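Coordinates as given in model_36.tsv (TSV, C-alpha atoms):
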chain	number	residue	atom	x	y	z
G	65	MET	CA	32.29	-22.97	7.44
G	66	SER	CA	28.76	-23.68	6.37
G	67	VAL	CA	26.26	-20.87	6.85
G	68	ASP	CA	22.54	-21.00	6.14
G	69	VAL	CA	21.25	-18.15	3.99
G	70	ARG	CA	17.57	-17.26	3.75
G	71	LEU	CA	16.53	-15.62	0.51
G	72	PRO	CA	13.57	-13.25	0.08
G	73	THR	CA	10.66	-14.21	-2.16
G	74	VAL	CA	11.77	-11.69	-4.76
G	75	LEU	CA	15.19	-13.37	-5.26
G	76	ARG	CA	14.07	-17.00	-5.21
G	77	PRO	CA	13.40	-17.28	-8.96
G	78	GLN	CA	17.11	-16.59	-9.58
G	79	ALA	CA	18.05	-19.26	-7.03
G	80	GLY	CA	16.13	-22.16	-8.52
G	81	GLY	CA	13.11	-21.36	-6.36
G	82	ARG	CA	14.97	-22.12	-3.14
G	83	ALA	CA	14.18	-20.21	0.07
G	84	GLU	CA	17.26	-21.37	1.93
G	85	VAL	CA	20.72	-22.37	0.77
G	86	SER	CA	24.02	-23.25	2.46
G	87	VAL	CA	27.23	-21.44	1.58
G	88	ASP	CA	30.79	-21.91	2.81
G	89	ALA	CA	32.11	-18.51	3.92
G	90	SER	CA	33.82	-16.69	6.77
G	91	THR	CA	32.57	-13.17	5.96
G	92	VAL	CA	29.38	-11.74	4.48
G	93	GLY	CA	31.35	-10.68	1.40
G	94	GLU	CA	32.57	-14.23	0.82
G	95	LEU	CA	29.07	-15.50	1.40
G	96	ILE	CA	27.62	-13.23	-1.29
G	97	ALA	CA	30.40	-14.22	-3.71
G	98	GLY	CA	29.61	-17.89	-2.97
G	99	LEU	CA	25.92	-17.31	-3.58
G	100	VAL	CA	26.57	-15.67	-6.94
G	101	GLN	CA	28.87	-18.55	-7.89
G	102	GLN	CA	26.08	-21.06	-7.15
G	103	PHE	CA	23.37	-18.92	-8.75
G	104	PRO	CA	24.83	-16.64	-11.44
G	105	GLY	CA	21.38	-15.01	-11.86
G	106	LEU	CA	22.03	-13.18	-8.58
G	107	GLU	CA	25.04	-11.38	-10.07
G	108	GLY	CA	24.58	-7.64	-9.62
G	109	GLN	CA	21.42	-8.04	-7.52
G	110	LEU	CA	23.07	-7.85	-4.12
G	111	VAL	CA	26.30	-5.93	-4.59
G	112	ASP	CA	26.95	-3.17	-7.12
G	113	ALA	CA	29.97	-2.82	-9.43
G	114	SER	CA	31.95	-0.96	-6.75
G	115	GLY	CA	31.51	-3.89	-4.37
G	116	THR	CA	29.06	-2.30	-1.92
G	117	LEU	CA	25.67	-3.63	-0.88
G	118	ARG	CA	22.91	-2.30	-3.10
G	119	ARG	CA	20.74	0.24	-1.32
G	120	PHE	CA	17.50	-1.77	-1.17
G	121	VAL	CA	19.27	-4.92	0.05
G	122	ASN	CA	19.51	-5.56	3.77
G	123	VAL	CA	21.66	-8.43	5.02
G	124	TYR	CA	21.29	-9.67	8.58
G	125	VAL	CA	23.61	-11.98	10.48
G	126	ASN	CA	21.52	-13.58	13.23
G	127	ASP	CA	19.04	-10.67	13.04
G	128	ASP	CA	21.63	-7.87	13.04
G	129	ASP	CA	21.88	-5.62	9.98
G	130	VAL	CA	25.47	-5.83	8.70
G	131	ARG	CA	25.42	-2.14	7.66
G	132	TYR	CA	25.81	-1.36	11.36
G	133	LEU	CA	28.35	-4.11	11.97
G	134	ASP	CA	31.34	-4.45	9.60
G	135	GLN	CA	29.36	-4.40	6.34
G	136	LEU	CA	30.71	-7.03	3.93
G	137	ASP	CA	33.61	-7.75	6.32
G	138	THR	CA	31.18	-8.88	9.04
G	139	PRO	CA	32.34	-12.35	10.10
G	140	VAL	CA	30.06	-15.37	9.85
G	141	ALA	CA	30.59	-18.68	11.60
G	142	ASP	CA	29.30	-22.21	11.47
G	143	GLY	CA	25.66	-22.28	12.50
G	144	ASP	CA	25.00	-18.58	11.86
G	145	VAL	CA	21.85	-17.72	9.97
G	146	VAL	CA	22.09	-14.99	7.37
G	147	SER	CA	18.89	-13.40	6.05
G	148	ILE	CA	18.70	-11.26	2.97
G	149	LEU	CA	15.66	-8.97	2.95
G	150	PRO	CA	14.48	-6.14	0.74
G	151	ALA	CA	14.26	-2.68	2.35
G	152	VAL	CA	10.57	-1.84	2.65
G	153	ALA	CA	8.55	0.93	4.28
G	154	GLY	CA	8.37	0.16	7.98
G	155	GLY	CA	5.15	-0.48	9.83
G	156	SER	CA	4.79	2.10	12.56
G	157	CYS	CA	3.44	4.83	10.34
R	210	MET	CA	-0.27	19.84	34.22
R	211	ALA	CA	-3.67	19.79	35.89
R	212	LYS	CA	-5.78	21.81	33.47
R	213	VAL	CA	-5.33	22.47	29.75
R	214	GLY	CA	-7.27	24.42	27.13
R	215	SER	CA	-7.24	21.73	24.42
R	216	VAL	CA	-6.62	18.02	24.24
R	217	LEU	CA	-3.76	18.85	21.86
R	218	ASP	CA	-1.94	20.43	24.82
R	219	LEU	CA	-1.78	16.92	26.30
R	220	ILE	CA	0.48	15.67	23.50
R	221	GLY	CA	4.02	14.85	24.64
R	222	ASP	CA	5.67	15.04	28.06
R	223	THR	CA	4.99	11.35	28.55
R	224	PRO	CA	6.04	9.41	31.66
R	225	MET	CA	8.93	6.97	31.93
R	226	VAL	CA	8.63	3.84	34.06
R	227	GLU	CA	11.42	1.72	35.50
R	228	VAL	CA	11.00	-1.87	34.27
R	229	SER	CA	14.42	-3.13	35.39
R	230	GLN	CA	12.75	-6.15	37.01
R	231	LEU	CA	12.54	-7.49	33.44
R	232	SER	CA	16.22	-6.86	32.63
R	233	PRO	CA	18.20	-10.05	31.99
R	234	ASN	CA	21.29	-8.29	33.42
R	235	PRO	CA	21.08	-6.96	37.02
R	236	GLU	CA	23.69	-4.31	36.15
R	237	VAL	CA	21.54	-2.88	33.35
R	238	ARG	CA	18.51	-0.71	34.13
R	239	ILE	CA	15.66	-0.48	31.63
R	240	LEU	CA	13.21	2.43	31.51
R	241	LEU	CA	10.16	2.46	29.28
R	242	LYS	CA	8.74	5.72	27.92
R	243	LEU	CA	4.98	5.31	27.66
R	244	GLU	CA	3.86	7.04	24.47
R	245	GLY	CA	0.47	5.38	24.77
R	246	GLN	CA	-0.30	8.15	27.28
R	247	ASN	CA	-0.73	10.63	24.44
R	248	PRO	CA	-4.39	11.61	23.88
R	249	GLY	CA	-4.68	9.82	20.51
R	250	GLY	CA	-3.04	6.79	22.11
R	251	SER	CA	0.37	6.73	20.44
R	252	VAL	CA	3.73	8.38	19.85
R	253	LYS	CA	2.40	9.50	16.48
R	254	ASP	CA	0.32	12.27	18.06
R	255	ARG	CA	3.60	14.17	18.35
R	256	VAL	CA	4.34	13.74	14.65
R	257	ALA	CA	0.78	14.51	13.56
R	258	LEU	CA	0.63	17.77	15.50
R	259	ALA	CA	4.14	18.81	14.42
R	260	MET	CA	3.42	18.17	10.73
R	261	VAL	CA	0.09	20.08	10.83
R	262	GLU	CA	1.64	23.00	12.72
R	263	ASP	CA	4.52	23.10	10.27
R	264	ALA	CA	2.09	23.10	7.32
R	265	GLU	CA	0.19	25.94	8.96
R	266	ALA	CA	3.37	27.90	9.59
R	267	THR	CA	4.43	27.53	5.96
R	268	GLY	CA	0.98	28.33	4.58
R	269	LYS	CA	0.22	24.86	3.12
R	270	LEU	CA	-2.73	24.75	5.49
R	271	VAL	CA	-4.70	27.80	6.56
R	272	ARG	CA	-6.56	27.66	9.87
R	273	GLY	CA	-10.25	28.46	9.52
R	274	LYS	CA	-10.33	28.12	5.72
R	275	PRO	CA	-13.07	25.61	4.75
R	276	ASP	CA	-12.71	22.49	2.58
R	277	GLN	CA	-9.00	21.80	3.05
R	278	GLU	CA	-8.15	18.17	2.42
R	279	LEU	CA	-5.19	16.11	3.53
R	280	ILE	CA	-4.03	12.68	2.42
R	281	GLU	CA	-1.58	10.42	4.25
R	282	PRO	CA	-0.38	6.80	4.03
R	283	SER	CA	-0.47	5.18	7.46
R	284	SER	CA	-0.71	1.75	8.99
R	285	GLY	CA	-2.74	3.36	11.72
R	286	ASN	CA	-1.10	5.43	14.41
R	287	THR	CA	-0.11	8.49	12.36
R	288	GLY	CA	-3.51	8.36	10.71
R	289	ILE	CA	-5.23	8.28	14.10
R	290	GLY	CA	-3.10	11.14	15.45
R	291	LEU	CA	-3.72	13.19	12.30
R	292	ALA	CA	-7.44	12.42	12.40
R	293	LEU	CA	-7.61	13.78	15.96
R	294	VAL	CA	-5.65	16.94	15.09
R	295	CYS	CA	-7.63	17.47	11.86
R	296	ARG	CA	-10.93	17.02	13.67
R	297	LEU	CA	-10.03	19.79	16.10
R	298	ARG	CA	-8.59	22.06	13.39
R	299	GLY	CA	-11.44	21.49	10.91
R	300	TYR	CA	-9.46	19.78	8.13
R	301	HIS	CA	-10.72	16.80	6.15
R	302	LEU	CA	-8.40	13.77	6.21
R	303	ARG	CA	-8.06	10.80	3.87
R	304	VAL	CA	-5.89	7.95	5.15
R	305	VAL	CA	-4.47	5.28	2.84
R	306	LEU	CA	-4.46	2.20	5.04
R	307	PRO	CA	-3.19	-1.32	4.27
R	308	GLU	CA	-6.10	-3.76	4.52
R	309	ASN	CA	-4.27	-5.91	7.10
R	310	VAL	CA	-4.21	-3.58	10.08
R	311	SER	CA	-6.10	-4.40	13.27
R	312	PRO	CA	-9.82	-3.51	13.14
R	313	GLU	CA	-9.44	-1.18	16.13
R	314	ARG	CA	-7.21	1.12	14.07
R	315	ARG	CA	-9.85	1.32	11.38
R	316	GLN	CA	-12.56	2.18	13.93
R	317	LEU	CA	-10.44	4.85	15.58
R	318	LEU	CA	-9.85	6.54	12.23
R	319	GLU	CA	-13.56	6.47	11.53
R	320	LEU	CA	-14.56	7.86	14.89
R	321	TRP	CA	-12.38	10.94	14.33
R	322	GLY	CA	-14.02	11.40	10.94
R	323	ALA	CA	-11.19	10.32	8.64
R	324	GLN	CA	-12.02	8.76	5.30
R	325	ILE	CA	-10.25	5.43	4.72
R	326	ILE	CA	-8.81	4.38	1.37
R	327	ASP	CA	-7.72	0.73	1.36
R	328	SER	CA	-4.40	-0.42	-0.08
R	329	PRO	CA	-3.58	-4.09	-0.77
R	330	ALA	CA	-2.53	-6.17	2.24
R	331	SER	CA	0.05	-8.01	0.14
R	332	GLU	CA	2.00	-4.77	-0.43
R	333	GLY	CA	2.20	-3.77	3.26
R	334	SER	CA	3.08	-0.19	4.09
R	335	ASN	CA	4.91	0.11	0.74
R	336	GLY	CA	1.56	-0.22	-1.01
R	337	ALA	CA	-0.05	2.49	1.14
R	338	VAL	CA	2.84	4.86	0.44
R	339	LYS	CA	2.65	4.17	-3.30
R	340	LEU	CA	-1.10	4.71	-3.52
R	341	ALA	CA	-1.04	7.90	-1.40
R	342	ARG	CA	1.70	9.34	-3.62
R	343	GLU	CA	-0.31	8.55	-6.73
R	344	LEU	CA	-3.48	10.14	-5.30
R	345	ALA	CA	-1.55	13.22	-4.17
R	346	ARG	CA	-0.13	13.57	-7.67
R	347	GLU	CA	-3.55	13.22	-9.29
R	348	ASN	CA	-5.15	15.70	-6.87
R	349	PRO	CA	-2.85	18.69	-6.48
R	350	ASP	CA	-5.33	20.33	-4.08
R	351	TYR	CA	-4.68	17.65	-1.46
R	352	VAL	CA	-2.19	18.62	1.21
R	353	PHE	CA	0.25	15.72	1.39
R	354	LEU	CA	2.19	15.89	4.66
R	355	TYR	CA	3.98	12.57	3.90
R	356	GLN	CA	5.53	11.56	7.20
R	357	TYR	CA	8.28	9.53	5.48
R	358	ALA	CA	9.70	12.64	3.84
R	359	ASN	CA	8.61	15.39	6.26
R	360	LEU	CA	11.38	16.73	8.49
R	361	ALA	CA	8.72	17.87	10.99
R	362	ASN	CA	8.52	14.15	11.85
R	363	PRO	CA	12.05	13.70	13.25
R	364	MET	CA	12.00	17.29	14.51
R	365	ALA	CA	8.99	16.49	16.73
R	366	HIS	CA	11.26	13.99	18.49
R	367	TYR	CA	14.32	16.24	18.40
R	368	ARG	CA	12.31	18.95	20.17
R	369	GLY	CA	10.08	16.74	22.34
R	370	THR	CA	10.95	13.10	22.93
R	371	GLY	CA	14.74	13.59	23.03
R	372	PRO	CA	14.79	16.51	25.52
R	373	GLU	CA	12.22	14.73	27.73
R	374	ILE	CA	14.45	11.65	27.93
R	375	TRP	CA	17.50	13.77	28.70
R	376	ARG	CA	15.57	15.70	31.39
R	377	ASP	CA	14.21	12.55	33.04
R	378	CYS	CA	17.19	10.22	32.54
R	379	PRO	CA	20.52	11.97	31.77
R	380	GLU	CA	22.33	8.76	32.75
R	381	VAL	CA	20.97	7.04	29.59
R	382	THR	CA	23.60	4.94	27.79
R	383	HIS	CA	21.41	3.22	25.17
R	384	PHE	CA	18.27	4.35	23.38
R	385	VAL	CA	16.07	1.67	21.77
R	386	ALA	CA	13.07	2.29	19.52
R	387	GLY	CA	11.24	0.81	16.56
R	388	LEU	CA	12.34	1.93	13.10
R	389	GLY	CA	9.10	2.54	11.14
R	390	THR	CA	9.47	5.88	9.38
R	391	SER	CA	12.67	6.33	11.45
R	392	GLY	CA	11.39	9.63	12.91
R	393	THR	CA	11.66	8.69	16.60
R	394	LEU	CA	15.14	7.19	16.31
R	395	LEU	CA	16.50	10.02	14.17
R	396	GLY	CA	15.06	12.93	16.17
R	397	ALA	CA	15.53	11.66	19.72
R	398	GLY	CA	18.72	9.84	18.71
R	399	ARG	CA	20.35	12.95	17.28
R	400	TYR	CA	19.36	15.01	20.34
R	401	LEU	CA	20.79	12.43	22.76
R	402	LYS	CA	24.02	12.05	20.77
R	403	GLU	CA	24.47	15.84	20.77
R	404	ARG	CA	24.20	15.80	24.57
R	405	ASN	CA	26.37	12.72	24.98
R	406	PRO	CA	28.06	11.28	21.87
R	407	GLY	CA	28.52	8.01	23.74
R	408	VAL	CA	24.80	7.20	23.78
R	409	GLN	CA	24.18	4.17	21.56
R	410	ILE	CA	21.13	4.20	19.30
R	411	TRP	CA	19.56	0.80	18.55
R	412	ALA	CA	16.84	0.42	15.93
R	413	ILE	CA	14.38	-2.45	16.18
R	414	GLU	CA	12.37	-3.61	13.20
R	415	PRO	CA	9.94	-6.41	12.44
R	416	PRO	CA	10.94	-8.74	9.58
R	417	ALA	CA	8.82	-6.53	7.31
R	418	GLY	CA	10.67	-7.48	4.14
R	419	GLU	CA	9.76	-11.09	4.85
R	420	MET	CA	6.08	-10.34	5.32
R	421	VAL	CA	5.62	-8.16	2.26
R	422	ASP	CA	5.18	-10.60	-0.61
R	423	GLY	CA	3.82	-8.14	-3.14
R	424	LEU	CA	7.29	-6.90	-4.01
R	425	ARG	CA	8.12	-7.58	-7.66
R	426	SER	CA	11.78	-6.63	-7.61
R	427	LEU	CA	14.38	-5.24	-5.26
R	428	GLU	CA	13.99	-1.91	-7.03
R	429	ASP	CA	10.52	-1.68	-5.44
R	430	GLY	CA	12.30	-1.32	-2.11
R	431	TYR	CA	11.89	1.75	0.02
R	432	ILE	CA	14.06	3.85	2.30
R	433	PRO	CA	12.29	6.81	3.96
R	434	PRO	CA	13.63	10.07	2.49
R	435	ILE	CA	13.97	11.50	6.03
R	436	PHE	CA	16.37	8.66	6.87
R	437	LEU	CA	18.73	9.86	4.16
R	438	GLU	CA	18.15	13.58	4.73
R	439	PHE	CA	18.50	13.45	8.54
R	440	GLY	CA	21.68	11.34	8.43
R	441	GLY	CA	20.17	8.08	9.63
R	442	ALA	CA	23.23	5.97	8.88
R	443	GLU	CA	25.36	8.16	11.20
R	444	ILE	CA	22.78	8.25	14.01
R	445	LEU	CA	22.05	4.52	14.27
R	446	ASP	CA	24.64	2.27	15.87
R	447	ARG	CA	22.80	-1.00	15.45
R	448	LYS	CA	19.71	-2.32	13.65
R	449	THR	CA	18.14	-5.59	14.77
R	450	ILE	CA	15.17	-7.63	13.63
R	451	ILE	CA	12.80	-8.89	16.29
R	452	LYS	CA	10.41	-11.59	15.10
R	453	PRO	CA	6.69	-11.75	15.96
R	454	ARG	CA	7.06	-14.54	18.56
R	455	GLU	CA	9.62	-12.65	20.62
R	456	SER	CA	7.60	-9.43	20.27
R	457	ILE	CA	4.48	-11.07	21.65
R	458	GLU	CA	6.35	-12.88	24.43
R	459	TRP	CA	7.74	-9.56	25.60
R	460	THR	CA	4.37	-7.82	25.21
R	461	ARG	CA	3.06	-10.45	27.65
R	462	ARG	CA	6.02	-10.06	30.00
R	463	LEU	CA	5.32	-6.34	30.26
R	464	THR	CA	2.06	-7.14	32.03
R	465	GLU	CA	4.17	-8.62	34.88
R	466	VAL	CA	5.15	-5.06	35.72
R	467	GLY	CA	1.64	-3.75	35.11
R	468	ILE	CA	2.18	-2.40	31.61
R	469	PHE	CA	-0.44	-3.01	28.96
R	470	ALA	CA	1.33	-1.99	25.76
R	471	GLY	CA	1.09	-2.65	22.02
R	472	ILE	CA	2.99	-5.40	20.25
R	473	SER	CA	5.70	-3.08	18.92
R	474	SER	CA	6.48	-2.21	22.56
R	475	GLY	CA	7.16	-5.88	23.12
R	476	ALA	CA	9.52	-5.83	20.13
R	477	ALA	CA	11.36	-2.81	21.56
R	478	MET	CA	11.62	-4.50	24.98
R	479	ALA	CA	13.03	-7.62	23.33
R	480	GLY	CA	15.63	-5.33	21.73
R	481	ALA	CA	16.40	-3.76	25.12
R	482	ALA	CA	16.91	-7.23	26.58
R	483	ARG	CA	19.44	-7.97	23.83
R	484	VAL	CA	21.24	-4.73	24.65
R	485	ALA	CA	21.26	-5.66	28.33
R	486	GLU	CA	22.74	-9.08	27.54
R	487	SER	CA	25.46	-7.56	25.37
R	488	ILE	CA	26.86	-4.98	27.84
R	489	ASP	CA	28.33	-5.10	31.36
R	490	SER	CA	26.30	-2.23	32.77
R	491	GLY	CA	24.19	0.68	31.56
R	492	VAL	CA	20.84	2.42	31.41
R	493	VAL	CA	18.55	1.61	28.49
R	494	VAL	CA	15.66	3.90	27.58
R	495	VAL	CA	13.04	2.21	25.40
R	496	VAL	CA	10.08	3.77	23.59
R	497	SER	CA	6.71	2.08	24.00
R	498	PRO	CA	4.87	3.51	20.95
R	499	ASP	CA	1.33	2.73	22.08
R	500	GLY	CA	-0.91	0.97	24.56
R	501	GLY	CA	-2.44	-2.47	24.13
R	502	TRP	CA	-6.02	-1.40	23.45
R	503	LYS	CA	-5.79	-1.50	19.65
R	504	TYR	CA	-4.52	-5.10	19.70
R	505	LEU	CA	-7.07	-6.83	21.92
R	506	SER	CA	-8.68	-8.38	18.86
R	507	THR	CA	-5.39	-10.14	18.03
R	508	GLY	CA	-5.71	-12.22	21.20
R	509	ALA	CA	-2.07	-11.33	21.95
R	510	TRP	CA	-2.41	-11.74	25.73
R	511	THR	CA	-4.99	-14.45	26.09
R	512	GLU	CA	-4.82	-16.94	23.23
R	513	ASP	CA	-2.36	-19.74	22.45
R	514	LEU	CA	1.03	-18.22	21.57
R	515	ASP	CA	1.43	-20.22	18.33
R	516	VAL	CA	-2.00	-19.09	17.12
R	517	VAL	CA	-1.28	-15.44	17.93
R	518	VAL	CA	2.17	-15.55	16.30
R	519	GLU	CA	0.71	-16.96	13.10
R	520	ARG	CA	-1.96	-14.25	13.13
R	521	ALA	CA	0.68	-11.55	13.69
R	522	ARG	CA	2.53	-12.67	10.56
R	523	HIS	CA	-0.38	-11.39	8.50
R	524	LEU	CA	-0.96	-8.21	10.43
R	525	ILE	CA	0.85	-4.89	10.50
R	526	TYR	CA	1.37	-4.35	14.21
R	527	PHE	CA	4.49	-2.20	14.20
Taking this structure as input, can you express it in the form of structure tokens?
Amino acid sequence: MSVDVRLPTVLRPQAGGRAEVSVDASTVGELIAGLVQQFPGLEGQLVDASGTLRRFVNVYVNDDDVRYLDQLDTPVADGDVVSILPAVAGGSC
Amino acid sequence: MAKVGSVLDLIGDTPMVEVSQLSPNPEVRILLKLEGQNPGGSVKDRVALAMVEDAEATGKLVRGKPDQELIEPSSGNTGIGLALVCRLRGYHLRVVLPENVSPERRQLLELWGAQIIDSPASEGSNGAVKLARELARENPDYVFLYQYANLANPMAHYRGTGPEIWRDCPEVTHFVAGLGTSGTLLGAGRYLKERNPGVQIWAIEPPAGEMVDGLRSLEDGYIPPIFLEFGGAEILDRKTIIKPRESIEWTRRLTEVGIFAGISSGAAMAGAARVAESIDSGVVVVVSPDGGWKYLSTGAWTEDLDVVVERARHLIYF
């Protein structure tokens, strides 16, 4: 299943400058593994050695943060849009 | 409450309005809590007063002592609330403000006598936090309340916002609010879950990480210390991004029920609509952080939607 992934500005240099890439995957975990396979420079940037999402990385499937879904087991399907965003200080402050 | 001794006594106890006419699901009621009714115009009055009172109780600030200075990073509302409280208490306030906030916020800070220190627009709220921390470190005399790490922030909502919601709407099944520092969601969310563990807490956020382009690496990321300390991951059940277009569309829709609210209220309403679409029945309580006054210059209600959306991409409105 082909899923579109949007990369944040800060990760684009390691992905050949691309803002959006397509990856075949059925879960977020598979998707990240597929991304790293395509762009080895992303190794270690998204997931730590123990296989959990790094703390300043937020991954959204169709706008929903996967930390509050099934984390890396969150399913993705054809046509889903996955966004990877850095955790930043929120606005309302 | 017909007569009060100080405008600070008007903070909190805000009204809730039924806006179920806007619910996409007839079996789901939506109620909006109007925090714009606070005297400084936003939910942040609660946090500002709570942080100052806590600092006074712990001796960091001394009432009546001259020349006490505070510094705080804020994209506007906390700064405005603090400026109001400081004006009445006689403290001097410096606010580190990202350059890309609406001009009304800047004017409100000035009218309450706060001194503004600009931080780069490209770094968003992260940049304001960073600069305020540096200045606080360089000037140990400054009192640094630091809303992102101050437990008086979520506690203001645990003691105020949460109990008010429970008093006015004990049938609440879902609570929706913007994330920001996370204070509202953590404080009111924890209170509501203690009363009824079944209440679902939904966080709404703008795509802030997309808009901040000054980030050099992921390690420049930021998670508010109160989020970790107050158990944010256990309190939130869902976290959803609402983009500027949907936020503004919902800000406009709110006027259909006579509510003139800020753009982050539109984002929260968009989140409530998603909740309503995803459940069979329920009662959703949504926080409207402020009124629309501070956003008139954005043209959010009157100009072409595409133009306003593009403008909002460069503005901190949450």
- Got a sec to check which residues sit within 12 Å of (25.7, -6.5, -2.5), counting all atoms listed in the file, and write them as JSON, numbers by chain? {"G": [92, 93, 94, 95, 96, 97, 99, 100, 106, 107, 108, 109, 110, 111, 112, 113, 114, 115, 116, 117, 118, 119, 120, 121, 122, 123, 130, 131, 135, 136, 137, 148, 149, 150], "R": [427]}
- Counting only C-alpha atoms, figure out which residue out of R:Ser251, R:Asn348, R:Thr393, R:Ser232 gets nearest to Gly369 in chain R.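 Using only C-alpha atoms, Gly369 in chain R sits closest to R:Thr393.
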- Message: Between CA of Asp489 in chain R and CA of Glu236 in chain R, what distance in Å does the model show, to one decimal?
- Response: 6.7 Å
- Long-range neighbours of Gly98 in chain G as an MDAnalysis selection string, 8 Å cut-off, only C-alpha atoms, 4 positions minimum in chain: chainID G and resid 87:89 94 102
- Message: Show me, as number ranges by chain, every residue of chain G with an atom at most 8 Å from chain R, counting all atoms listed in the file.
- Response: G: 72-75, 109, 120-121, 127-129, 132-133, 149-157
With all atoms of range 88-99 of chain G from the file as input, state the centre and edge lengths in Å to one decimal of the axis-aligned box that has 8 Å extra on each side, as AutoDock Vina command-line options.
--center_x 29.9 --center_y -16.3 --center_z 1.5 --size_x 23.9 --size_y 27.2 --size_z 26.5
Written coordinates, C-alpha atoms of range 102-154 of chain G as a PDB file, in the first residue's frame:
ATOM      1  CA  GLN G 102      15.220   4.757   0.945  1.00  0.00           C
ATOM      2  CA  PHE G 103      17.172   7.435   2.808  1.00  0.00           C
ATOM      3  CA  PRO G 104      19.788   5.872   5.115  1.00  0.00           C
ATOM      4  CA  GLY G 105      20.629   9.370   6.444  1.00  0.00           C
ATOM      5  CA  LEU G 106      17.370   9.220   8.420  1.00  0.00           C
ATOM      6  CA  GLU G 107      18.613   6.216  10.412  1.00  0.00           C
ATOM      7  CA  GLY G 108      18.360   6.997  14.120  1.00  0.00           C
ATOM      8  CA  GLN G 109      16.588  10.321  13.532  1.00  0.00           C
ATOM      9  CA  LEU G 110      13.043   9.064  13.958  1.00  0.00           C
ATOM     10  CA  VAL G 111      13.259   5.957  16.114  1.00  0.00           C
ATOM     11  CA  ASP G 112      15.815   5.251  18.839  1.00  0.00           C
ATOM     12  CA  ALA G 113      17.816   2.046  19.355  1.00  0.00           C
ATOM     13  CA  SER G 114      15.019   0.501  21.453  1.00  0.00           C
ATOM     14  CA  GLY G 115      12.581   0.971  18.577  1.00  0.00           C
ATOM     15  CA  THR G 116      10.460   3.779  20.038  1.00  0.00           C
ATOM     16  CA  LEU G 117       9.724   7.153  18.481  1.00  0.00           C
ATOM     17  CA  ARG G 118      12.276   9.752  19.509  1.00  0.00           C
ATOM     18  CA  ARG G 119      10.827  12.289  21.923  1.00  0.00           C
ATOM     19  CA  PHE G 120      10.934  15.360  19.667  1.00  0.00           C
ATOM     20  CA  VAL G 121       9.412  13.497  16.706  1.00  0.00           C
ATOM     21  CA  ASN G 122       5.661  13.610  16.205  1.00  0.00           C
ATOM     22  CA  VAL G 123       4.087  11.387  13.563  1.00  0.00           C
ATOM     23  CA  TYR G 124       0.539  12.043  12.407  1.00  0.00           C
ATOM     24  CA  VAL G 125      -1.684   9.770  10.352  1.00  0.00           C
ATOM     25  CA  ASN G 126      -4.262  12.011   8.683  1.00  0.00           C
ATOM     26  CA  ASP G 127      -3.702  14.673  11.378  1.00  0.00           C
ATOM     27  CA  ASP G 128      -3.865  12.310  14.376  1.00  0.00           C
ATOM     28  CA  ASP G 129      -0.752  11.913  16.539  1.00  0.00           C
ATOM     29  CA  VAL G 130       0.138   8.202  16.573  1.00  0.00           C
ATOM     30  CA  ARG G 131       1.327   8.419  20.214  1.00  0.00           C
ATOM     31  CA  TYR G 132      -2.360   8.491  21.137  1.00  0.00           C
ATOM     32  CA  LEU G 133      -3.341   5.820  18.623  1.00  0.00           C
ATOM     33  CA  ASP G 134      -1.310   2.585  18.444  1.00  0.00           C
ATOM     34  CA  GLN G 135       2.143   4.197  18.239  1.00  0.00           C
ATOM     35  CA  LEU G 136       4.284   2.408  15.649  1.00  0.00           C
ATOM     36  CA  ASP G 137       1.589  -0.269  15.234  1.00  0.00           C
ATOM     37  CA  THR G 138      -0.914   2.340  14.005  1.00  0.00           C
ATOM     38  CA  PRO G 139      -2.221   1.037  10.673  1.00  0.00           C
ATOM     39  CA  VAL G 140      -1.863   3.044   7.477  1.00  0.00           C
ATOM     40  CA  ALA G 141      -3.788   2.451   4.275  1.00  0.00           C
ATOM     41  CA  ASP G 142      -3.665   3.447   0.645  1.00  0.00           C
ATOM     42  CA  GLY G 143      -4.317   7.168   0.321  1.00  0.00           C
ATOM     43  CA  ASP G 144      -3.463   8.031   3.937  1.00  0.00           C
ATOM     44  CA  VAL G 145      -1.227  11.019   4.476  1.00  0.00           C
ATOM     45  CA  VAL G 146       1.442  10.714   7.131  1.00  0.00           C
ATOM     46  CA  SER G 147       3.145  13.867   8.424  1.00  0.00           C
ATOM     47  CA  ILE G 148       6.312  13.892  10.443  1.00  0.00           C
ATOM     48  CA  LEU G 149       6.745  17.079  12.479  1.00  0.00           C
ATOM     49  CA  PRO G 150       9.174  18.228  15.137  1.00  0.00           C
ATOM     50  CA  ALA G 151       7.739  18.884  18.617  1.00  0.00           C
ATOM     51  CA  VAL G 152       7.848  22.634  19.169  1.00  0.00           C
ATOM     52  CA  ALA G 153       6.549  25.021  21.815  1.00  0.00           C
ATOM     53  CA  GLY G 154       2.857  25.535  21.150  1.00  0.00           C
TER      54      GLY G 154
END
